[in-house]
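Engineer: If you scroll down you'll find the structure; I have some questions about it.
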Amino acid sequence: MRLVVQRVKSASVTVDGNVVSSIGPGAMALVGLHQDDTREDLEYCCKRLLACKLWENDAGAGWRHGVKQRGLEVLCVSQFTLYGTLTKKHQPDYKLSMKSVQAQEM
């Protein structure tokens, strides 16, 4: 599993002009699932994401608080392209990504 995490003041996902999900201040994570990922991998990455120290503490020291400590929100966005590779013909190949039906269950 791969996560690309970014601090945000707000974030949203829009599909066909309709907002599907949105958050205020917090973290937005692009989530790529590998074809061999398990439930244990998912739980491990969730714990790491929630514990990821991206904000300063009350004294101003950087990288001391995570989303749980701050009571902030998290938006996870499925991103199968995180497991993309290029073929010899320079074409994208996503065979390492988890198939959509299996990914939706995760």
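Here, A, B, ... name the chains of the structure tokens in the order displayed, residue numbers run from 1 inside each chain, and ligands are numbered from 1 in the same displayed order.
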Taking the DSSP secondary structure from the backbone, can you list the residues of chain A that are helix (DSSP H, G or I), as a list in words?
Structural biologist: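 Here are the helix (DSSP H, G or I) residues of chain A: Arg39, Glu40, Asp41, Leu42, Glu43, Tyr44, Cys45, Cys46, Lys47, Arg48, Leu49, Leu50, Ala51, Val67, Lys68, Gln69, Arg70, Phe80, Thr81, Leu82, Tyr83, Ser100, Val101, Gln102, Ala103, Gln104 and Glu105 of chain A.
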Engineer: Quick one: residues within 7 Å of stretch 12-29 of chain A, only C-alpha atoms counted, chain neighbours fewer than 3 positions away excluded, as a list in words?
Structural biologist: Leu3, Val4, Val5, Gln6, Arg7, Val8, Lys9, Val67, Leu72, Glu73, Val74, Leu75, Cys76 and Val77 of chain A
Engineer: Those same residues, written as a compact mmCIF listing (two decimals), in the first residue's frame with C-alpha atoms?
Structural biologist:
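Printed below is part.txt as written:
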```
# COMPACT_ATOMS: atom_id res chain seq x y z
CA LEU A 3 0.05 6.75 0.71
CA VAL A 4 0.83 10.25 -0.45
CA VAL A 5 -0.15 12.59 2.40
CA GLN A 6 -0.64 16.35 2.30
CA ARG A 7 -1.74 18.85 4.93
CA VAL A 8 -4.78 20.80 3.75
CA LYS A 9 -6.90 23.73 4.85
CA VAL A 67 -4.57 14.61 13.11
CA LEU A 72 -8.64 17.24 12.45
CA GLU A 73 -10.21 15.43 9.51
CA VAL A 74 -8.77 12.96 6.99
CA LEU A 75 -9.86 12.53 3.37
CA CYS A 76 -8.65 9.35 1.62
CA VAL A 77 -8.80 9.27 -2.18
```
Engineer: Find the spatial neighbours of A:Phe80, counting only C-alpha atoms, within a cut-off of 7 Å - ignore same-chain residues fewer than 6 positions away - and output them as a list in words.
Structural biologist: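 Surrounding residues, per the criterion: Gly32, Leu33 and Ser97 of chain A.
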Engineer: Extract, using only C-alpha atoms, all DNA, RNA and protein residues at most 12 Å from A:Met98, discarding same-chain residues fewer than 3 positions from it, and format them as a list in words.
Structural biologist: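 What passes the distance filter is Met1, Arg2, Val31, Gly32, Leu33, His34, Gln35, Asp36, Asp37, Thr38, Ser78, Gln79, Phe80, Thr81, Leu82, Tyr83, Gly84, Tyr94, Lys95, Val101, Gln102, Ala103, Gln104, Glu105 and Met106 of chain A.
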Engineer: Can those selected residues be exported to a file as a PDB file, in the first residue's frame so that it contains N, CA and C atoms?
Structural biologist:
```pdb
ATOM      1  N   MET A   1       0.841  -1.164   0.000  1.00  0.00           N
ATOM      2  CA  MET A   1       0.000   0.000   0.000  1.00  0.00           C
ATOM      3  C   MET A   1       0.889   1.231   0.000  1.00  0.00           C
ATOM      4  N   ARG A   2       0.480   2.227  -0.761  1.00  0.00           N
ATOM      5  CA  ARG A   2       1.217   3.490  -0.808  1.00  0.00           C
ATOM      6  C   ARG A   2       0.281   4.630  -0.465  1.00  0.00           C
ATOM      7  N   VAL A  31      -4.407   7.144  -1.847  1.00  0.00           N
ATOM      8  CA  VAL A  31      -4.188   5.777  -1.385  1.00  0.00           C
ATOM      9  C   VAL A  31      -4.113   4.835  -2.582  1.00  0.00           C
ATOM     10  N   GLY A  32      -2.968   4.180  -2.731  1.00  0.00           N
ATOM     11  CA  GLY A  32      -2.788   3.174  -3.772  1.00  0.00           C
ATOM     12  C   GLY A  32      -2.723   1.801  -3.148  1.00  0.00           C
ATOM     13  N   LEU A  33      -3.603   0.900  -3.595  1.00  0.00           N
ATOM     14  CA  LEU A  33      -3.625  -0.466  -3.068  1.00  0.00           C
ATOM     15  C   LEU A  33      -2.906  -1.403  -4.032  1.00  0.00           C
ATOM     16  N   HIS A  34      -1.981  -2.192  -3.509  1.00  0.00           N
ATOM     17  CA  HIS A  34      -1.250  -3.193  -4.291  1.00  0.00           C
ATOM     18  C   HIS A  34      -2.108  -4.453  -4.375  1.00  0.00           C
ATOM     19  N   GLN A  35      -1.950  -5.205  -5.427  1.00  0.00           N
ATOM     20  CA  GLN A  35      -2.760  -6.412  -5.625  1.00  0.00           C
ATOM     21  C   GLN A  35      -2.601  -7.427  -4.492  1.00  0.00           C
ATOM     22  N   ASP A  36      -1.496  -7.385  -3.751  1.00  0.00           N
ATOM     23  CA  ASP A  36      -1.254  -8.345  -2.671  1.00  0.00           C
ATOM     24  C   ASP A  36      -1.538  -7.781  -1.279  1.00  0.00           C
ATOM     25  N   ASP A  37      -2.062  -6.563  -1.187  1.00  0.00           N
ATOM     26  CA  ASP A  37      -2.331  -5.963   0.120  1.00  0.00           C
ATOM     27  C   ASP A  37      -3.415  -6.733   0.870  1.00  0.00           C
ATOM     28  N   THR A  38      -3.266  -6.770   2.195  1.00  0.00           N
ATOM     29  CA  THR A  38      -4.211  -7.474   3.059  1.00  0.00           C
ATOM     30  C   THR A  38      -4.892  -6.487   3.998  1.00  0.00           C
ATOM     31  N   SER A  78      -8.881   7.204  -3.434  1.00  0.00           N
ATOM     32  CA  SER A  78      -8.322   6.063  -4.138  1.00  0.00           C
ATOM     33  C   SER A  78      -7.504   6.536  -5.332  1.00  0.00           C
ATOM     34  N   GLN A  79      -6.298   5.986  -5.476  1.00  0.00           N
ATOM     35  CA  GLN A  79      -5.404   6.423  -6.552  1.00  0.00           C
ATOM     36  C   GLN A  79      -4.604   5.227  -7.054  1.00  0.00           C
ATOM     37  N   PHE A  80      -5.211   4.435  -7.936  1.00  0.00           N
ATOM     38  CA  PHE A  80      -4.560   3.225  -8.430  1.00  0.00           C
ATOM     39  C   PHE A  80      -3.277   3.523  -9.198  1.00  0.00           C
ATOM     40  N   THR A  81      -3.117   4.737  -9.688  1.00  0.00           N
ATOM     41  CA  THR A  81      -1.933   5.078 -10.475  1.00  0.00           C
ATOM     42  C   THR A  81      -0.652   5.093  -9.644  1.00  0.00           C
ATOM     43  N   LEU A  82      -0.756   5.042  -8.314  1.00  0.00           N
ATOM     44  CA  LEU A  82       0.444   5.005  -7.475  1.00  0.00           C
ATOM     45  C   LEU A  82       1.241   3.716  -7.683  1.00  0.00           C
ATOM     46  N   TYR A  83       0.608   2.691  -8.257  1.00  0.00           N
ATOM     47  CA  TYR A  83       1.315   1.460  -8.584  1.00  0.00           C
ATOM     48  C   TYR A  83       1.500   1.301 -10.091  1.00  0.00           C
ATOM     49  N   GLY A  84       1.471   2.388 -10.807  1.00  0.00           N
ATOM     50  CA  GLY A  84       1.673   2.342 -12.249  1.00  0.00           C
ATOM     51  C   GLY A  84       3.143   2.214 -12.611  1.00  0.00           C
ATOM     52  N   TYR A  94      -0.901  -0.780 -15.107  1.00  0.00           N
ATOM     53  CA  TYR A  94      -1.376  -0.724 -13.727  1.00  0.00           C
ATOM     54  C   TYR A  94      -1.663  -2.112 -13.164  1.00  0.00           C
ATOM     55  N   LYS A  95      -0.988  -3.152 -13.686  1.00  0.00           N
ATOM     56  CA  LYS A  95      -1.287  -4.518 -13.267  1.00  0.00           C
ATOM     57  C   LYS A  95      -0.930  -4.792 -11.806  1.00  0.00           C
ATOM     58  N   VAL A 101     -13.002  -4.210  -7.893  1.00  0.00           N
ATOM     59  CA  VAL A 101     -13.978  -4.864  -7.006  1.00  0.00           C
ATOM     60  C   VAL A 101     -13.349  -5.164  -5.651  1.00  0.00           C
ATOM     61  N   GLN A 102     -12.153  -5.721  -5.680  1.00  0.00           N
ATOM     62  CA  GLN A 102     -11.426  -6.048  -4.447  1.00  0.00           C
ATOM     63  C   GLN A 102     -11.077  -4.764  -3.684  1.00  0.00           C
ATOM     64  N   ALA A 103     -10.669  -3.720  -4.410  1.00  0.00           N
ATOM     65  CA  ALA A 103     -10.295  -2.445  -3.776  1.00  0.00           C
ATOM     66  C   ALA A 103     -11.500  -1.806  -3.106  1.00  0.00           C
ATOM     67  N   GLN A 104     -12.678  -1.900  -3.714  1.00  0.00           N
ATOM     68  CA  GLN A 104     -13.872  -1.309  -3.107  1.00  0.00           C
ATOM     69  C   GLN A 104     -14.217  -2.001  -1.798  1.00  0.00           C
ATOM     70  N   GLU A 105     -13.979  -3.304  -1.716  1.00  0.00           N
ATOM     71  CA  GLU A 105     -14.223  -4.030  -0.467  1.00  0.00           C
ATOM     72  C   GLU A 105     -13.274  -3.578   0.626  1.00  0.00           C
ATOM     73  N   MET A 106     -12.020  -3.259   0.234  1.00  0.00           N
ATOM     74  CA  MET A 106     -11.020  -2.798   1.220  1.00  0.00           C
ATOM     75  C   MET A 106     -11.414  -1.432   1.712  1.00  0.00           C
TER      76      MET A 106
END
```
Engineer: List the spatial neighbours of A:Trp63 as a PyMOL selection string - criterion: any atom at most 8 Å away, only C-alpha atoms, same-chain residues fewer than 5 positions off excluded.
Structural biologist: chain A and resi 53-57
